[in-house]
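Dumped model_38.txt below, it's compact mmCIF, C-alpha atoms and all ligand atoms:
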```
# COMPACT_ATOMS: atom_id res chain seq x y z
CA MET A 237 -68.40 231.41 -59.93
CA ALA A 238 -68.08 230.74 -63.69
CA PRO A 239 -70.32 227.96 -65.07
CA TYR A 240 -68.76 224.52 -65.54
CA HIS A 241 -66.45 224.53 -68.53
CA PRO A 242 -63.91 221.72 -68.83
CA GLY A 243 -60.41 222.47 -70.06
CA GLU A 244 -59.61 221.87 -73.73
CA ARG A 245 -57.15 219.03 -72.95
CA ILE A 246 -57.49 216.39 -70.29
CA CYS A 247 -55.13 213.44 -69.93
CA THR A 248 -55.51 210.04 -68.29
CA ASP A 249 -52.94 207.25 -68.01
CA ARG A 250 -53.63 206.00 -71.54
CA LEU A 251 -55.68 208.72 -73.24
CA LYS A 252 -55.68 212.31 -74.32
CA LEU A 253 -59.03 214.07 -74.55
CA ARG A 254 -58.93 217.29 -76.50
CA ARG A 255 -61.42 219.76 -77.96
CA CYS A 256 -62.40 218.50 -81.38
CA ARG A 257 -61.64 220.51 -84.52
CA LEU A 258 -62.76 220.52 -88.14
CA ASN A 259 -59.68 218.72 -89.37
CA ASP A 260 -60.62 215.66 -87.29
CA ALA A 261 -63.26 214.88 -89.93
CA GLU A 262 -61.19 212.41 -91.92
CA ALA A 263 -60.08 210.38 -88.90
CA ILE A 264 -63.66 210.23 -87.60
CA TYR A 265 -65.11 209.35 -91.00
CA ASP A 266 -62.50 206.68 -91.72
CA GLY A 267 -62.35 205.43 -88.14
CA TYR A 268 -66.00 204.89 -87.21
CA ALA A 269 -68.65 207.26 -88.60
CA THR A 270 -69.49 204.94 -91.50
CA ASP A 271 -69.47 201.75 -89.39
CA PRO A 272 -72.97 200.32 -88.75
CA ASP A 273 -71.72 198.26 -85.79
CA VAL A 274 -70.54 201.45 -84.12
CA THR A 275 -73.68 203.50 -84.85
CA ARG A 276 -76.14 200.70 -84.05
CA TYR A 277 -77.35 202.18 -80.74
CA LEU A 278 -76.67 205.83 -81.56
CA GLY A 279 -79.10 208.54 -82.59
CA TRP A 280 -77.69 208.90 -86.09
CA ALA A 281 -77.31 206.75 -89.20
CA PRO A 282 -73.82 205.90 -90.50
CA HIS A 283 -72.37 208.76 -92.52
CA THR A 284 -72.21 208.19 -96.26
CA THR A 285 -70.18 211.25 -97.21
CA ILE A 286 -67.45 213.07 -95.34
CA SER A 287 -69.47 216.31 -95.62
CA GLU A 288 -71.84 214.87 -92.96
CA THR A 289 -68.89 214.45 -90.62
CA VAL A 290 -67.70 217.98 -91.39
CA SER A 291 -71.20 219.41 -90.66
CA TYR A 292 -71.28 217.51 -87.40
CA LEU A 293 -67.91 219.00 -86.42
CA GLU A 294 -69.11 222.49 -87.40
CA ASN A 295 -71.99 222.05 -84.92
CA CYS A 296 -69.51 220.81 -82.33
CA GLU A 297 -67.44 223.94 -82.88
CA SER A 298 -70.46 226.21 -82.24
CA GLU A 299 -71.48 224.22 -79.19
CA TRP A 300 -68.08 224.56 -77.62
CA SER A 301 -67.70 228.27 -78.50
CA GLU A 302 -71.12 229.04 -77.01
CA GLY A 303 -70.58 226.82 -73.93
CA ARG A 304 -73.61 224.64 -74.83
CA GLY A 305 -71.58 221.44 -75.07
CA PHE A 306 -68.02 220.21 -74.87
CA PRO A 307 -67.20 217.59 -77.51
CA PHE A 308 -63.78 215.98 -77.10
CA VAL A 309 -61.93 213.62 -79.38
CA ILE A 310 -60.28 210.70 -77.62
CA GLU A 311 -56.72 209.89 -78.64
CA SER A 312 -54.48 207.10 -77.47
CA SER A 313 -51.48 208.56 -75.66
CA ASP A 314 -49.00 206.07 -77.07
CA GLN A 315 -49.90 206.31 -80.76
CA ASP A 316 -51.51 209.77 -80.93
CA GLU A 317 -54.36 208.23 -82.90
CA LEU A 318 -57.97 209.39 -82.79
CA ILE A 319 -59.99 206.48 -81.41
CA GLY A 320 -63.34 208.13 -80.65
CA MET A 321 -65.23 210.99 -79.09
CA ILE A 322 -66.87 211.87 -75.79
CA HIS A 323 -69.33 214.71 -75.48
CA VAL A 324 -70.17 216.65 -72.32
CA HIS A 325 -73.66 218.21 -72.19
CA PRO A 326 -73.88 220.74 -69.34
CA GLY A 327 -77.27 221.89 -68.10
CA GLY A 328 -78.16 223.56 -64.83
CA ARG A 329 -76.52 221.67 -61.98
CA ARG A 330 -76.02 218.59 -64.16
CA ALA A 331 -73.67 217.24 -66.81
CA GLY A 332 -74.66 214.51 -69.29
CA TYR A 333 -72.39 212.41 -71.52
CA GLY A 334 -72.32 210.59 -74.82
CA TYR A 335 -69.39 208.55 -76.13
CA VAL A 336 -68.29 206.48 -79.08
CA LEU A 337 -65.15 204.54 -80.00
CA ARG A 338 -64.01 203.00 -83.24
CA ARG A 339 -64.38 199.23 -83.23
CA SER A 340 -60.67 198.43 -83.03
CA ALA A 341 -60.52 200.33 -79.71
CA TRP A 342 -63.36 198.44 -78.00
CA GLY A 343 -62.83 196.12 -75.06
CA GLN A 344 -59.79 197.83 -73.51
CA GLY A 345 -61.55 199.98 -70.94
CA PHE A 346 -60.95 203.22 -72.85
CA ALA A 347 -64.54 204.50 -72.75
CA ALA A 348 -64.79 204.00 -69.00
CA GLU A 349 -61.42 205.72 -68.49
CA ALA A 350 -62.54 208.74 -70.55
CA LEU A 351 -65.95 208.94 -68.89
CA ARG A 352 -64.57 208.65 -65.37
CA VAL A 353 -62.09 211.51 -65.77
CA LEU A 354 -64.76 213.83 -67.16
CA VAL A 355 -67.32 212.86 -64.50
CA GLU A 356 -64.78 213.56 -61.76
CA ASP A 357 -63.82 216.84 -63.41
CA ALA A 358 -67.47 217.95 -63.49
CA LEU A 359 -68.25 216.85 -59.92
CA GLY A 360 -65.22 218.86 -58.80
CA HIS A 361 -66.98 222.04 -59.93
CA PRO A 362 -69.15 223.63 -57.22
CA ASP A 363 -72.16 223.97 -59.58
CA ILE A 364 -72.38 220.34 -60.66
CA TYR A 365 -74.26 217.91 -58.44
CA ARG A 366 -75.26 215.23 -60.91
CA THR A 367 -73.58 213.45 -63.83
CA PHE A 368 -75.60 211.06 -65.95
CA ALA A 369 -75.87 209.18 -69.23
CA PHE A 370 -78.35 207.00 -71.07
CA CYS A 371 -77.97 203.93 -73.22
CA ASP A 372 -80.27 201.74 -75.26
CA CYS A 373 -81.63 198.92 -73.08
CA GLU A 374 -79.72 196.41 -75.24
CA ASN A 375 -76.40 198.26 -75.21
CA THR A 376 -74.81 196.16 -72.48
CA ALA A 377 -71.27 197.37 -73.15
CA SER A 378 -72.32 201.00 -72.66
CA ALA A 379 -74.20 200.20 -69.45
CA ARG A 380 -71.05 198.56 -68.14
CA VAL A 381 -68.97 201.62 -69.11
CA MET A 382 -71.20 203.80 -66.94
CA GLU A 383 -70.88 201.40 -64.01
CA LYS A 384 -67.11 201.32 -64.39
CA ALA A 385 -67.08 205.14 -64.33
CA GLY A 386 -68.76 205.01 -60.92
CA MET A 387 -72.35 205.66 -62.03
CA GLU A 388 -75.31 203.76 -60.62
CA ARG A 389 -78.28 202.52 -62.53
CA GLU A 390 -81.37 204.56 -61.68
CA GLY A 391 -83.89 202.89 -63.91
CA MET A 392 -85.41 202.31 -67.30
CA LEU A 393 -86.92 205.18 -69.26
CA ARG A 394 -89.55 203.66 -71.49
CA SER A 395 -89.82 204.74 -75.14
CA TYR A 396 -87.26 207.43 -74.43
CA LEU A 397 -84.77 207.90 -77.28
CA MET A 398 -84.77 207.36 -81.02
CA HIS A 399 -82.11 204.92 -82.17
CA PRO A 400 -83.02 204.81 -85.85
CA ASN A 401 -80.59 202.03 -86.72
CA VAL A 402 -82.53 199.56 -84.58
CA SER A 403 -86.11 200.82 -84.76
CA ASP A 404 -88.29 203.59 -86.13
CA GLU A 405 -89.96 203.93 -82.71
CA PRO A 406 -88.42 205.38 -79.53
CA ARG A 407 -86.47 202.84 -77.52
CA ASP A 408 -86.41 201.94 -73.85
CA CYS A 409 -83.23 203.34 -72.33
CA LEU A 410 -81.29 202.80 -69.13
CA VAL A 411 -80.26 205.85 -67.13
CA TYR A 412 -77.18 205.87 -64.92
CA ALA A 413 -75.91 208.67 -62.69
CA ARG A 414 -73.19 209.59 -60.26
CA VAL A 415 -73.99 212.39 -57.86
CA ARG A 416 -72.00 214.29 -55.30
C1 LIG A 501 -70.06 201.18 -75.79
C2 LIG A 501 -68.57 201.44 -76.03
C3 LIG A 501 -68.30 202.93 -75.91
C4 LIG A 501 -67.79 200.65 -74.97
O1 LIG A 501 -66.44 201.06 -75.03
P1 LIG A 501 -65.26 200.13 -74.50
O2 LIG A 501 -64.05 200.98 -74.29
O3 LIG A 501 -65.15 198.93 -75.36
O4 LIG A 501 -65.82 199.76 -73.09
P2 LIG A 501 -64.96 199.18 -71.93
O5 LIG A 501 -63.86 198.33 -72.47
O6 LIG A 501 -64.63 200.32 -71.01
O7 LIG A 501 -66.04 198.28 -71.19
C5 LIG A 501 -66.95 197.47 -71.87
C6 LIG A 501 -67.54 196.51 -70.84
O8 LIG A 501 -68.71 195.98 -71.39
C7 LIG A 501 -68.57 194.58 -71.45
N1 LIG A 501 -69.23 194.16 -72.67
C8 LIG A 501 -68.89 194.45 -73.94
N2 LIG A 501 -69.78 193.89 -74.78
C9 LIG A 501 -70.68 193.24 -74.01
C10 LIG A 501 -71.82 192.47 -74.29
N3 LIG A 501 -72.25 192.27 -75.53
N4 LIG A 501 -72.50 191.93 -73.24
C11 LIG A 501 -72.07 192.13 -71.98
N5 LIG A 501 -71.00 192.87 -71.67
C12 LIG A 501 -70.31 193.41 -72.67
C13 LIG A 501 -67.11 194.29 -71.45
O9 LIG A 501 -66.86 193.00 -70.95
C14 LIG A 501 -66.62 195.38 -70.52
O10 LIG A 501 -66.85 195.06 -69.17
P3 LIG A 501 -65.68 194.51 -68.21
O11 LIG A 501 -64.58 195.52 -68.26
O12 LIG A 501 -66.33 194.39 -66.89
O13 LIG A 501 -65.25 193.19 -68.80
C15 LIG A 501 -68.10 200.96 -77.42
O14 LIG A 501 -68.47 199.63 -77.56
C16 LIG A 501 -68.71 201.78 -78.54
O15 LIG A 501 -68.15 202.79 -78.96
N6 LIG A 501 -69.89 201.33 -79.04
C17 LIG A 501 -70.57 202.04 -80.13
C18 LIG A 501 -71.09 203.39 -79.71
C19 LIG A 501 -72.00 203.32 -78.51
O16 LIG A 501 -72.84 202.43 -78.39
N7 LIG A 501 -71.82 204.29 -77.60
C20 LIG A 501 -72.60 204.38 -76.38
C21 LIG A 501 -73.90 205.03 -76.62
S1 LIG A 501 -74.88 205.09 -75.13
```

Do you think you could lay out the structure here as structure tokens?
Ligand SMILES: CC(C)(COP(=O)(O)OP(=O)(O)OC[C@H]1O[C@@H](n2cnc3c(N)ncnc32)[C@H](O)[C@@H]1OP(=O)(O)O)[C@@H](O)C(=O)NCCC(=O)NCCS
Amino acid sequence: MAPYHPGERICTDRLKLRRCRLNDAEAIYDGYATDPDVTRYLGWAPHTTISETVSYLENCESEWSEGRGFPFVIESSDQDELIGMIHVHPGGRRAGYGYVLRRSAWGQGFAAEALRVLVEDALGHPDIYRTFAFCDCENTASARVMEKAGMEREGMLRSYLMHPNVSDEPRDCLVYARVR
């Protein structure tokens, strides 16, 4: 059986997830990568030049080609606009996730819709037994996204991840998972 490898396009009722490409840089840079409200609980500082966004997408390209990770852009089906990204991190019998949306797309259930379809896709593969994600202990919206995607809270990982926009020390994080 081939290792888990999601398709390059996945649709939901309101969204299109597709493999990201280098020419998404401008939409990502203009849409959210420079926004400190968006990056607050992420592992990276807001981008200050578009070349940072391009480098990020170059890494994404290698990850996907080598099967190390599957970064998707999220587009709204009705307007064909890039509204964010969701990243699948496969590893052993598990798949992990990270996601981000531009501010104007918050509060409409889009992140949960994107996460749920990818979680169900992964759990449909015979190799994958566990899907999981982490969020900063103060990132209540993200914790709720994981619950809405069918994950359950497993606990708090103390001093677990660096979120440099809130602290220069590792932060307590919540871990959620959905298993077969
Ligand atoms: C976290 C994020 C992805 C959520 O996306 P979203 O599409 O707005 O999320 P949803 O609309 O699916 O759900 C958000 C839920 O959190 C709730 N929520 C939002 N802000 C909240 C807050 N400050 N306190 C409590 N609940 C909150 C909403 O009410 C909603 O729950 P509900 O549907 O039960 O009412 C988005 O805010 C984002 O991109 N943030 C910046 C990047 C980030 O933090 N990514 C996650 C890293 S772990």

If the box runs along x, y and z of the file and leaves 5 Å on each side of stretch 275-283 of chain A, what are its centre and edge lengths in Å, one decimal, as JSON?
```
{"center_x": -75.7, "center_y": 204.8, "center_z": -86.6, "size_x": 16.7, "size_y": 18.2, "size_z": 21.8}
```

Would you work out the distance separating atom C5 of ligand LIG 501 (chain A) from atom CA of A:Glu405, expressed in Å to one decimal?
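According to the coordinates, atom C5 of ligand LIG 501 (chain A) and atom CA of A:Glu405 are separated by 26.2 Å.
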
Could you give me, as a CSV table (one decimal) with C-alpha atoms, in the coordinates of the input, the residues within 12 Å of A:Asp357, counting all atoms listed in the file and dropping anything in the same chain fewer than 2 positions from it?
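Saved to around-v9.csv:
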```csv
chain,number,residue,atom,x,y,z
A,240,TYR,CA,-68.8,224.5,-65.5
A,241,HIS,CA,-66.4,224.5,-68.5
A,242,PRO,CA,-63.9,221.7,-68.8
A,243,GLY,CA,-60.4,222.5,-70.1
A,245,ARG,CA,-57.2,219.0,-73.0
A,246,ILE,CA,-57.5,216.4,-70.3
A,247,CYS,CA,-55.1,213.4,-69.9
A,248,THR,CA,-55.5,210.0,-68.3
A,324,VAL,CA,-70.2,216.6,-72.3
A,331,ALA,CA,-73.7,217.2,-66.8
A,350,ALA,CA,-62.5,208.7,-70.6
A,351,LEU,CA,-66.0,208.9,-68.9
A,352,ARG,CA,-64.6,208.6,-65.4
A,353,VAL,CA,-62.1,211.5,-65.8
A,354,LEU,CA,-64.8,213.8,-67.2
A,355,VAL,CA,-67.3,212.9,-64.5
A,359,LEU,CA,-68.2,216.8,-59.9
A,360,GLY,CA,-65.2,218.9,-58.8
A,361,HIS,CA,-67.0,222.0,-59.9
A,362,PRO,CA,-69.2,223.6,-57.2
A,363,ASP,CA,-72.2,224.0,-59.6
A,364,ILE,CA,-72.4,220.3,-60.7
A,365,TYR,CA,-74.3,217.9,-58.4
A,366,ARG,CA,-75.3,215.2,-60.9
A,367,THR,CA,-73.6,213.4,-63.8
A,416,ARG,CA,-72.0,214.3,-55.3
```

Given a cut-off of 9 Å, what residues near ligand LIG 501 (chain A) show up using all atoms listed in the file, put as a PyMOL selection string?
chain A and resi 268+273-279+320-321+333-351+369-372+374-385+409

Please, could you write that set of residues out with C-alpha atoms as a PDB file, in the frame of the given file?
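Wrote selection38.pdb, looks like this:
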```
ATOM      1  CA  TYR A 268     -66.000 204.890 -87.210  1.00  0.00           C
ATOM      2  CA  ASP A 273     -71.720 198.260 -85.790  1.00  0.00           C
ATOM      3  CA  VAL A 274     -70.540 201.450 -84.120  1.00  0.00           C
ATOM      4  CA  THR A 275     -73.680 203.500 -84.850  1.00  0.00           C
ATOM      5  CA  ARG A 276     -76.140 200.700 -84.050  1.00  0.00           C
ATOM      6  CA  TYR A 277     -77.350 202.180 -80.740  1.00  0.00           C
ATOM      7  CA  LEU A 278     -76.670 205.830 -81.560  1.00  0.00           C
ATOM      8  CA  GLY A 279     -79.100 208.540 -82.590  1.00  0.00           C
ATOM      9  CA  GLY A 320     -63.340 208.130 -80.650  1.00  0.00           C
ATOM     10  CA  MET A 321     -65.230 210.990 -79.090  1.00  0.00           C
ATOM     11  CA  TYR A 333     -72.390 212.410 -71.520  1.00  0.00           C
ATOM     12  CA  GLY A 334     -72.320 210.590 -74.820  1.00  0.00           C
ATOM     13  CA  TYR A 335     -69.390 208.550 -76.130  1.00  0.00           C
ATOM     14  CA  VAL A 336     -68.290 206.480 -79.080  1.00  0.00           C
ATOM     15  CA  LEU A 337     -65.150 204.540 -80.000  1.00  0.00           C
ATOM     16  CA  ARG A 338     -64.010 203.000 -83.240  1.00  0.00           C
ATOM     17  CA  ARG A 339     -64.380 199.230 -83.230  1.00  0.00           C
ATOM     18  CA  SER A 340     -60.670 198.430 -83.030  1.00  0.00           C
ATOM     19  CA  ALA A 341     -60.520 200.330 -79.710  1.00  0.00           C
ATOM     20  CA  TRP A 342     -63.360 198.440 -78.000  1.00  0.00           C
ATOM     21  CA  GLY A 343     -62.830 196.120 -75.060  1.00  0.00           C
ATOM     22  CA  GLN A 344     -59.790 197.830 -73.510  1.00  0.00           C
ATOM     23  CA  GLY A 345     -61.550 199.980 -70.940  1.00  0.00           C
ATOM     24  CA  PHE A 346     -60.950 203.220 -72.850  1.00  0.00           C
ATOM     25  CA  ALA A 347     -64.540 204.500 -72.750  1.00  0.00           C
ATOM     26  CA  ALA A 348     -64.790 204.000 -69.000  1.00  0.00           C
ATOM     27  CA  GLU A 349     -61.420 205.720 -68.490  1.00  0.00           C
ATOM     28  CA  ALA A 350     -62.540 208.740 -70.550  1.00  0.00           C
ATOM     29  CA  LEU A 351     -65.950 208.940 -68.890  1.00  0.00           C
ATOM     30  CA  ALA A 369     -75.870 209.180 -69.230  1.00  0.00           C
ATOM     31  CA  PHE A 370     -78.350 207.000 -71.070  1.00  0.00           C
ATOM     32  CA  CYS A 371     -77.970 203.930 -73.220  1.00  0.00           C
ATOM     33  CA  ASP A 372     -80.270 201.740 -75.260  1.00  0.00           C
ATOM     34  CA  GLU A 374     -79.720 196.410 -75.240  1.00  0.00           C
ATOM     35  CA  ASN A 375     -76.400 198.260 -75.210  1.00  0.00           C
ATOM     36  CA  THR A 376     -74.810 196.160 -72.480  1.00  0.00           C
ATOM     37  CA  ALA A 377     -71.270 197.370 -73.150  1.00  0.00           C
ATOM     38  CA  SER A 378     -72.320 201.000 -72.660  1.00  0.00           C
ATOM     39  CA  ALA A 379     -74.200 200.200 -69.450  1.00  0.00           C
ATOM     40  CA  ARG A 380     -71.050 198.560 -68.140  1.00  0.00           C
ATOM     41  CA  VAL A 381     -68.970 201.620 -69.110  1.00  0.00           C
ATOM     42  CA  MET A 382     -71.200 203.800 -66.940  1.00  0.00           C
ATOM     43  CA  GLU A 383     -70.880 201.400 -64.010  1.00  0.00           C
ATOM     44  CA  LYS A 384     -67.110 201.320 -64.390  1.00  0.00           C
ATOM     45  CA  ALA A 385     -67.080 205.140 -64.330  1.00  0.00           C
ATOM     46  CA  CYS A 409     -83.230 203.340 -72.330  1.00  0.00           C
TER      47      CYS A 409
END
```

Taking (-54.6, 218.8, -75.1) in the file's own coordinates, collect the residues within 12 Å, counting only C-alpha atoms, and hand them back as a ChimeraX atom specification.
/A:242-248,251-257,308-313,316

Within-10 Å shell of (-76.1, 223.1, -73.9) in input frame, only C-alpha atoms, as number ranges by chain
A: 299-300, 302-306, 324-328, 331-332

Can I get the selection written as a PDB file, in the frame of the given file, with C-alpha atoms?
```pdb
ATOM      1  CA  GLU A 299     -71.480 224.220 -79.190  1.00  0.00           C
ATOM      2  CA  TRP A 300     -68.080 224.560 -77.620  1.00  0.00           C
ATOM      3  CA  GLU A 302     -71.120 229.040 -77.010  1.00  0.00           C
ATOM      4  CA  GLY A 303     -70.580 226.820 -73.930  1.00  0.00           C
ATOM      5  CA  ARG A 304     -73.610 224.640 -74.830  1.00  0.00           C
ATOM      6  CA  GLY A 305     -71.580 221.440 -75.070  1.00  0.00           C
ATOM      7  CA  PHE A 306     -68.020 220.210 -74.870  1.00  0.00           C
ATOM      8  CA  VAL A 324     -70.170 216.650 -72.320  1.00  0.00           C
ATOM      9  CA  HIS A 325     -73.660 218.210 -72.190  1.00  0.00           C
ATOM     10  CA  PRO A 326     -73.880 220.740 -69.340  1.00  0.00           C
ATOM     11  CA  GLY A 327     -77.270 221.890 -68.100  1.00  0.00           C
ATOM     12  CA  GLY A 328     -78.160 223.560 -64.830  1.00  0.00           C
ATOM     13  CA  ALA A 331     -73.670 217.240 -66.810  1.00  0.00           C
ATOM     14  CA  GLY A 332     -74.660 214.510 -69.290  1.00  0.00           C
TER      15      GLY A 332
END
```

Straight-line distance linking atom CA of A:Val411 with atom CA of A:Pro307, stated in Å to one decimal
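Here the two named atoms are 20.4 Å from each other.
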
Restricting the calculation to all atoms listed in the file, which member of A:Met387, A:Tyr292, A:Leu318, A:Glu356 is positioned closest to A:Trp280?
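The closest residue to A:Trp280 is A:Tyr292.
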
note - atom CA of A:Thr285 and atom CA of A:Glu297 are separated by 19.3 Å

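If all atoms listed in the file are the atoms counted, then among A:Leu293, A:Thr284, A:Phe368, A:Asn259 the closest residue to A:Arg329 is A:Phe368.
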
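For A:His283, the set of protein, DNA and RNA residues having any atom at most 9 Å away, when counting all atoms listed in the file and skipping those fewer than 2 positions along the same chain, is Tyr265, Ala269, Thr270, Asp271, Trp280, Ala281, Thr285, Ile286, Ser287, Glu288 and Thr289 of chain A.
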
File of the preceding selection, C-alpha atoms, as a compact mmCIF listing (two decimals), in the frame of the given file:
```
# COMPACT_ATOMS: atom_id res chain seq x y z
CA TYR A 265 -65.11 209.35 -91.00
CA ALA A 269 -68.65 207.26 -88.60
CA THR A 270 -69.49 204.94 -91.50
CA ASP A 271 -69.47 201.75 -89.39
CA TRP A 280 -77.69 208.90 -86.09
CA ALA A 281 -77.31 206.75 -89.20
CA THR A 285 -70.18 211.25 -97.21
CA ILE A 286 -67.45 213.07 -95.34
CA SER A 287 -69.47 216.31 -95.62
CA GLU A 288 -71.84 214.87 -92.96
CA THR A 289 -68.89 214.45 -90.62
```

Tell me which of A:Glu262, A:Asn295, A:Arg414, A:Pro282 sits closest to A:Arg330, counting only C-alpha atoms.
A:Arg414

A:Ser298 proximity check over A:Val415, A:Asp408, A:Leu258, A:Gly267, using all atoms listed in the file: winner is A:Leu258

Could you add whatever atoms are missing so that stretch 317-342 of chain A carries N, CA and C atoms, then write the result as a short mmCIF file (atom, residue, chain, number, x, y, z; two decimals), keeping the file's coordinate frame?
```cif
data_model
loop_
_atom_site.label_atom_id
_atom_site.label_comp_id
_atom_site.auth_asym_id
_atom_site.auth_seq_id
_atom_site.Cartn_x
_atom_site.Cartn_y
_atom_site.Cartn_z
N GLU A 317 -53.34 208.50 -81.88
CA GLU A 317 -54.36 208.23 -82.90
C GLU A 317 -55.73 208.56 -82.35
N LEU A 318 -56.60 209.11 -83.21
CA LEU A 318 -57.97 209.39 -82.79
C LEU A 318 -58.73 208.07 -82.72
N ILE A 319 -59.27 207.76 -81.54
CA ILE A 319 -59.99 206.48 -81.41
C ILE A 319 -61.48 206.68 -81.14
N GLY A 320 -61.91 207.92 -80.90
CA GLY A 320 -63.34 208.13 -80.65
C GLY A 320 -63.62 209.53 -80.16
N MET A 321 -64.83 209.69 -79.63
CA MET A 321 -65.23 210.99 -79.09
C MET A 321 -66.02 210.80 -77.80
N ILE A 322 -66.00 211.82 -76.98
CA ILE A 322 -66.87 211.87 -75.79
C ILE A 322 -67.36 213.29 -75.65
N HIS A 323 -68.66 213.42 -75.40
CA HIS A 323 -69.33 214.71 -75.48
C HIS A 323 -69.90 215.02 -74.11
N VAL A 324 -69.60 216.20 -73.59
CA VAL A 324 -70.17 216.65 -72.32
C VAL A 324 -71.31 217.61 -72.63
N HIS A 325 -72.49 217.34 -72.00
CA HIS A 325 -73.66 218.21 -72.19
C HIS A 325 -73.99 218.85 -70.85
N PRO A 326 -73.57 220.10 -70.62
CA PRO A 326 -73.88 220.74 -69.34
C PRO A 326 -75.32 221.25 -69.35
N GLY A 327 -75.91 221.34 -68.18
CA GLY A 327 -77.27 221.89 -68.10
C GLY A 327 -77.64 222.07 -66.65
N GLY A 328 -77.82 223.30 -66.23
CA GLY A 328 -78.16 223.56 -64.83
C GLY A 328 -77.07 223.01 -63.92
N ARG A 329 -77.48 222.24 -62.94
CA ARG A 329 -76.52 221.67 -61.98
C ARG A 329 -76.08 220.28 -62.40
N ARG A 330 -76.29 219.96 -63.68
CA ARG A 330 -76.02 218.59 -64.16
C ARG A 330 -75.04 218.61 -65.33
N ALA A 331 -74.43 217.44 -65.58
CA ALA A 331 -73.67 217.24 -66.81
C ALA A 331 -74.01 215.85 -67.35
N GLY A 332 -74.37 215.78 -68.63
CA GLY A 332 -74.66 214.51 -69.29
C GLY A 332 -73.53 214.17 -70.27
N TYR A 333 -73.51 212.91 -70.69
CA TYR A 333 -72.39 212.41 -71.52
C TYR A 333 -72.88 211.50 -72.63
N GLY A 334 -72.16 211.55 -73.76
CA GLY A 334 -72.32 210.59 -74.82
C GLY A 334 -70.93 210.21 -75.31
N TYR A 335 -70.75 208.96 -75.75
CA TYR A 335 -69.39 208.55 -76.13
C TYR A 335 -69.46 207.49 -77.22
N VAL A 336 -68.38 207.44 -77.99
CA VAL A 336 -68.29 206.48 -79.08
C VAL A 336 -66.81 206.19 -79.35
N LEU A 337 -66.53 204.93 -79.65
CA LEU A 337 -65.15 204.54 -80.00
C LEU A 337 -65.17 203.76 -81.30
N ARG A 338 -64.12 203.86 -82.05
CA ARG A 338 -64.01 203.00 -83.24
C ARG A 338 -63.86 201.55 -82.77
N ARG A 339 -64.27 200.64 -83.65
CA ARG A 339 -64.38 199.23 -83.23
C ARG A 339 -63.05 198.65 -82.74
N SER A 340 -61.96 199.03 -83.40
CA SER A 340 -60.67 198.43 -83.03
C SER A 340 -60.22 198.86 -81.63
N ALA A 341 -60.90 199.87 -81.05
CA ALA A 341 -60.52 200.33 -79.71
C ALA A 341 -61.44 199.78 -78.62
N TRP A 342 -62.42 198.98 -79.00
CA TRP A 342 -63.36 198.44 -78.00
C TRP A 342 -62.65 197.41 -77.10
#
```
